[in-house]
$ cat model.cif   # mmCIF, C-alpha atoms and all ligand atoms
data_start
#
loop_
_atom_site.label_atom_id
_atom_site.label_comp_id
_atom_site.auth_asym_id
_atom_site.auth_seq_id
_atom_site.Cartn_x
_atom_site.Cartn_y
_atom_site.Cartn_z
CA MET A 65 81.39 118.55 54.30
CA ARG A 66 84.27 120.31 52.56
CA ILE A 67 86.76 118.07 50.79
CA THR A 68 90.10 119.39 49.60
CA ARG A 69 91.46 118.40 46.20
CA ARG A 70 94.11 116.24 47.87
CA GLU A 71 91.49 114.41 49.97
CA PHE A 72 89.31 113.88 46.90
CA LEU A 73 92.22 112.29 45.03
CA LYS A 74 93.01 110.08 48.04
CA ILE A 75 89.40 108.86 48.31
CA SER A 76 89.16 108.26 44.53
CA SER A 77 92.42 106.28 44.48
CA ALA A 78 91.32 104.19 47.45
CA ALA A 79 87.96 103.45 45.76
CA ILE A 80 89.65 102.39 42.51
CA ALA A 81 92.17 100.30 44.43
CA THR A 82 89.39 98.32 46.13
CA LEU A 83 87.68 97.34 42.82
CA PRO A 84 90.07 94.43 42.07
CA VAL A 85 89.52 93.18 45.66
CA LEU A 86 85.78 93.09 44.92
CA GLY A 87 86.40 91.05 41.79
CA PHE A 88 86.40 93.86 39.20
CA ASP A 89 89.34 93.80 36.81
CA LEU A 90 89.73 97.20 35.13
CA THR A 91 92.71 96.25 32.95
CA PRO A 92 90.76 95.35 29.75
CA ALA A 93 88.52 98.42 30.09
CA MET A 94 91.48 100.77 30.59
CA ALA A 95 93.33 99.23 27.65
CA GLN A 96 90.24 99.63 25.46
CA ILE A 97 89.84 103.29 26.37
CA GLY A 98 93.46 103.90 25.34
CA GLU A 99 93.02 101.92 22.15
CA PHE A 100 89.78 103.66 21.03
CA ARG A 101 91.29 107.10 21.39
CA ILE A 102 94.21 106.42 19.05
CA LYS A 103 92.79 103.61 16.91
CA ASN A 104 93.70 104.03 13.22
CA VAL A 105 95.62 107.23 13.98
CA LYS A 106 99.19 107.34 12.73
CA PRO A 107 101.67 108.30 15.47
CA VAL A 108 104.14 111.02 14.52
CA PRO A 109 107.48 110.91 16.40
CA THR A 110 108.85 114.11 17.87
CA ILE A 111 111.18 115.29 20.62
CA CYS A 112 110.10 116.86 23.91
CA PRO A 113 110.95 120.58 23.79
CA TYR A 114 111.25 121.12 27.53
CA CYS A 115 114.63 120.00 28.82
CA GLY A 116 118.02 118.74 27.70
CA CYS A 117 117.15 115.04 28.16
CA GLY A 118 115.59 115.11 24.69
CA CYS A 119 113.02 112.37 25.33
CA GLY A 120 111.18 110.98 22.33
CA LEU A 121 107.41 111.40 22.18
CA VAL A 122 104.70 110.42 19.77
CA VAL A 123 101.84 112.67 18.76
CA TYR A 124 98.50 111.32 17.56
CA ALA A 125 96.56 113.73 15.38
CA ALA A 126 93.27 113.34 13.56
CA ASP A 127 91.31 115.86 11.47
CA GLY A 128 94.02 118.45 12.01
CA LYS A 129 93.83 118.19 15.80
CA VAL A 130 96.16 116.62 18.34
CA ILE A 131 94.22 113.98 20.24
CA ALA A 132 96.97 112.39 22.34
CA THR A 133 100.68 112.51 23.12
CA GLU A 134 102.77 109.91 24.92
CA GLY A 135 106.34 108.67 25.40
CA ASP A 136 107.87 106.99 22.36
CA PRO A 137 108.54 103.32 23.28
CA ASP A 138 111.09 103.06 20.44
CA HIS A 139 113.15 106.05 21.57
CA PRO A 140 116.53 105.03 23.04
CA ILE A 141 116.58 107.76 25.70
CA ASN A 142 113.25 107.38 27.50
CA GLN A 143 111.92 104.10 26.04
CA GLY A 144 108.30 105.20 26.35
CA SER A 145 108.46 106.95 29.71
CA THR A 146 108.15 110.69 30.38
CA CYS A 147 108.36 112.94 33.39
CA ALA A 148 105.25 114.86 34.50
CA LYS A 149 106.16 117.78 32.27
CA GLY A 150 106.60 115.62 29.18
CA ALA A 151 103.35 113.79 29.98
CA ALA A 152 101.56 117.14 29.91
CA LEU A 153 102.95 118.02 26.48
CA TYR A 154 99.44 117.87 25.06
CA GLN A 155 98.81 121.20 26.78
CA ILE A 156 101.24 122.95 24.47
CA TYR A 157 98.68 122.37 21.75
CA ASP A 158 95.44 122.45 23.70
CA ASN A 159 95.83 125.63 25.68
CA PRO A 160 93.77 128.83 25.42
CA ARG A 161 96.84 130.83 26.50
CA ARG A 162 99.00 129.46 23.70
CA MET A 163 100.53 132.18 21.53
CA ARG A 164 99.75 131.53 17.90
CA LYS A 165 101.40 134.56 16.32
CA PRO A 166 104.76 136.24 16.92
CA LEU A 167 104.63 139.32 19.12
CA TYR A 168 106.84 142.32 18.45
CA ARG A 169 107.60 145.25 20.71
CA ALA A 170 109.16 148.16 18.87
CA PRO A 171 112.02 150.09 20.51
CA TYR A 172 110.65 152.48 23.21
CA SER A 173 107.13 151.10 22.75
CA ASN A 174 105.08 150.01 25.76
CA HIS A 175 103.00 147.38 24.00
CA TRP A 176 103.29 144.25 21.88
CA GLU A 177 101.96 143.97 18.33
CA GLU A 178 101.01 140.79 16.51
CA LYS A 179 103.07 140.23 13.35
CA ASP A 180 103.15 137.52 10.72
CA TRP A 181 106.09 135.13 10.42
CA ASP A 182 107.40 136.58 7.12
CA TRP A 183 107.69 140.03 8.66
CA VAL A 184 109.44 138.68 11.75
CA LEU A 185 111.87 136.50 9.82
CA ASP A 186 112.81 139.41 7.53
CA ARG A 187 113.55 141.61 10.59
CA ILE A 188 115.68 138.87 12.19
CA VAL A 189 117.71 138.43 9.01
CA GLU A 190 118.19 142.19 8.61
CA ARG A 191 119.38 142.58 12.18
CA ILE A 192 121.71 139.61 12.12
CA LYS A 193 123.31 140.93 8.94
CA ALA A 194 123.61 144.50 10.25
CA THR A 195 125.05 143.39 13.61
CA ARG A 196 127.50 141.01 11.99
CA ASP A 197 128.73 143.56 9.44
CA LYS A 198 129.10 146.29 12.05
CA ASN A 199 131.08 144.08 14.44
CA PHE A 200 133.03 141.83 12.09
CA ILE A 201 136.66 141.29 13.07
CA THR A 202 138.87 140.17 10.21
CA LYS A 203 142.33 140.18 11.83
CA GLU A 204 143.87 139.88 15.26
CA THR A 205 147.40 140.34 16.55
CA VAL A 206 148.76 137.49 18.64
CA LYS A 207 152.10 136.85 20.35
CA VAL A 208 154.21 134.12 18.75
CA LYS A 209 157.38 132.79 20.41
CA ASP A 210 160.38 132.13 18.18
CA GLU A 211 161.35 128.47 18.75
CA LYS A 212 165.08 129.14 18.51
CA THR A 213 165.53 132.46 20.29
CA GLY A 214 162.48 132.32 22.60
CA VAL A 215 161.75 135.92 21.68
CA GLU A 216 158.09 136.83 21.30
CA ARG A 217 156.86 138.86 18.39
CA ASP A 218 153.48 140.18 17.23
CA VAL A 219 151.90 138.37 14.30
CA GLU A 220 148.70 139.38 12.58
CA ILE A 221 146.38 136.47 11.76
CA ASN A 222 143.01 136.16 10.01
CA VAL A 223 140.13 135.46 12.42
CA ASN A 224 136.96 136.49 10.52
CA ARG A 225 134.57 136.42 13.46
CA THR A 226 131.91 138.41 15.24
CA GLU A 227 131.63 138.58 19.01
CA ALA A 228 128.39 140.54 18.91
CA ILE A 229 126.08 137.57 18.29
CA ALA A 230 125.54 134.46 20.38
CA THR A 231 123.40 131.44 19.53
CA LEU A 232 121.55 129.10 21.86
CA GLY A 233 120.31 125.75 20.59
CA GLY A 234 117.36 124.00 22.20
CA ALA A 235 116.56 120.49 23.35
CA ALA A 236 113.95 120.15 20.62
CA LEU A 237 116.65 120.20 17.96
CA ASP A 238 117.82 116.82 16.74
CA ASN A 239 121.37 115.94 15.66
CA GLU A 240 120.97 117.02 12.05
CA GLU A 241 119.28 120.29 12.97
CA CYS A 242 122.08 121.06 15.46
CA TYR A 243 124.62 120.35 12.72
CA LEU A 244 122.91 122.78 10.31
CA TYR A 245 122.45 125.37 13.02
CA THR A 246 126.13 125.23 13.94
CA LYS A 247 127.11 125.45 10.26
CA LEU A 248 125.01 128.58 9.88
CA ALA A 249 126.55 130.15 13.00
CA ARG A 250 130.10 129.34 11.91
CA SER A 251 129.51 130.63 8.39
CA LEU A 252 128.44 133.96 9.90
CA GLY A 253 131.59 134.03 12.04
CA VAL A 254 129.71 133.46 15.31
CA VAL A 255 131.98 131.99 17.98
CA TYR A 256 129.53 131.86 20.90
CA VAL A 257 127.65 128.68 20.03
CA GLU A 258 125.88 127.21 23.05
CA HIS A 259 123.17 124.65 23.73
CA GLN A 260 120.46 124.56 26.35
CA ALA A 261 121.39 121.01 27.35
CA ARG A 262 124.77 122.19 28.61
CA LEU A 263 123.39 124.88 30.90
S1 LIG B 301 109.89 114.28 29.11
FE1 LIG B 301 110.68 115.35 30.90
S2 LIG B 301 112.76 114.59 31.14
FE2 LIG B 301 112.11 114.07 29.05
S3 LIG B 301 112.84 115.82 27.77
FE3 LIG B 301 110.72 116.24 28.40
S4 LIG B 301 110.92 117.49 30.24
FE4 LIG B 301 112.88 116.48 29.93
#

$ encode --input "model.cif" --output "structure tokens"
Amino acid sequence: MRITRREFLKISSAAIATLPVLGFDLTPAMAQIGEFRIKNVKPVPTICPYCGCGCGLVVYAADGKVIATEGDPDHPINQGSTCAKGAALYQIYDNPRRMRKPLYRAPYSNHWEEKDWDWVLDRIVERIKATRDKNFITKETVKVKDEKTGVERDVEINVNRTEAIATLGGAALDNEECYLYTKLARSLGVVYVEHQARL
């Protein structure tokens, strides 16, 4: 007999649901399984990187490996709960398709090359600087109305900005990181400062 995945899950759930009726109480066993897995492991708080809700999560790691992730019960936003995506956060770490090194595709190239982080960060800095310097606007002429006569005149003002760079913050950034990120953007003269949570 062929059983689909959906049917298998239905049968399994029904079988588990009947155990308490038969006098089996699985609560202590389930609690113990959860406890053994994370016993003596220090939880590290973090923020879910997926969407703008910014739910708090805790990561349990032992011997350099992530062994469990779950909603942070102390976090004011989600109070321990997660959506299905957040609950599967473990797969960011434990995934054979996870990219572990930056990939770079040179202009006009048809393939990606693996690079180390130092190389990539140096290129990003070089390009930000070059783009900013090439497109920096120091002054702009605006119309100003004379309060008495109502006549408009052109006035040159300092603007010191670049319109050639835009920044996009992510949900994984906390308040302080967003503050620093915005400071960096403003100090470069970037005026397009946006955040994923607003999109
Ligand atoms: S757990 Fe779900 S709702 Fe919460 S931030 Fe992650 S993706 Fe968004």

$ residues_around --input "model.cif" --residues "Val223 of chain A" --least-positions-apart "4" --cutoff "8 Å" --atoms "only C-alpha atoms" --output "ChimeraX atom specification"
/A:201-204

$ residues_near_ligand --input "model.cif" --ligand "ligand LIG 301 (chain B)" --cutoff "8 Å" --atoms "all atoms listed in the file" --output "list in words"
Ile111, Cys112, Pro113, Tyr114, Cys115, Gly116, Cys117, Gly118, Cys119, Gly120, Leu121, Gly135, Asn142, Ser145, Thr146, Cys147, Ala148, Lys149, Gly150, Ala151 and Ala235 of chain A

$ residues_around --input "model.cif" --residues "Thr195 of chain A" --least-positions-apart "6" --cutoff "9 Å" --atoms "all atoms listed in the file" --output "PyMOL selection string"
chain A and resi 226+228-229

$ atom_distance --input "model.cif" --atom1 "atom CA of Val122 of chain A" --atom2 "atom CA of Leu244 of chain A"
24.0 Å

$ residues_near_point --input "model.cif" --point "(128.1, 142.8, 18.1)" --cutoff "12 Å" --atoms "all atoms listed in the file" --output "list in words"
Arg191, Ile192, Lys193, Ala194, Thr195, Arg196, Asp197, Lys198, Asn199, Phe200, Ile201, Arg225, Thr226, Glu227, Ala228, Ile229, Ala230, Gly253, Val254, Val255 and Tyr256 of chain A

$ atom_distance --input "model.cif" --atom1 "atom CA of Leu167 of chain A" --atom2 "atom CA of Val123 of chain A"
26.8 Å

$ atom_distance --input "model.cif" --atom1 "atom CA of Gln260 of chain A" --atom2 "atom CA of Gly234 of chain A"
5.2 Å

$ closest_residue --input "model.cif" --among "A:Asp218, A:Asp186, A:Asp238, A:Asp158" --to "Val206 of chain A" --atoms "only C-alpha atoms"
A:Asp218

$ closest_residue --input "model.cif" --among "A:Ile75, A:Ala132, A:Val257, A:Lys212" --to "Lys103 of chain A" --atoms "all atoms listed in the file"
A:Ala132
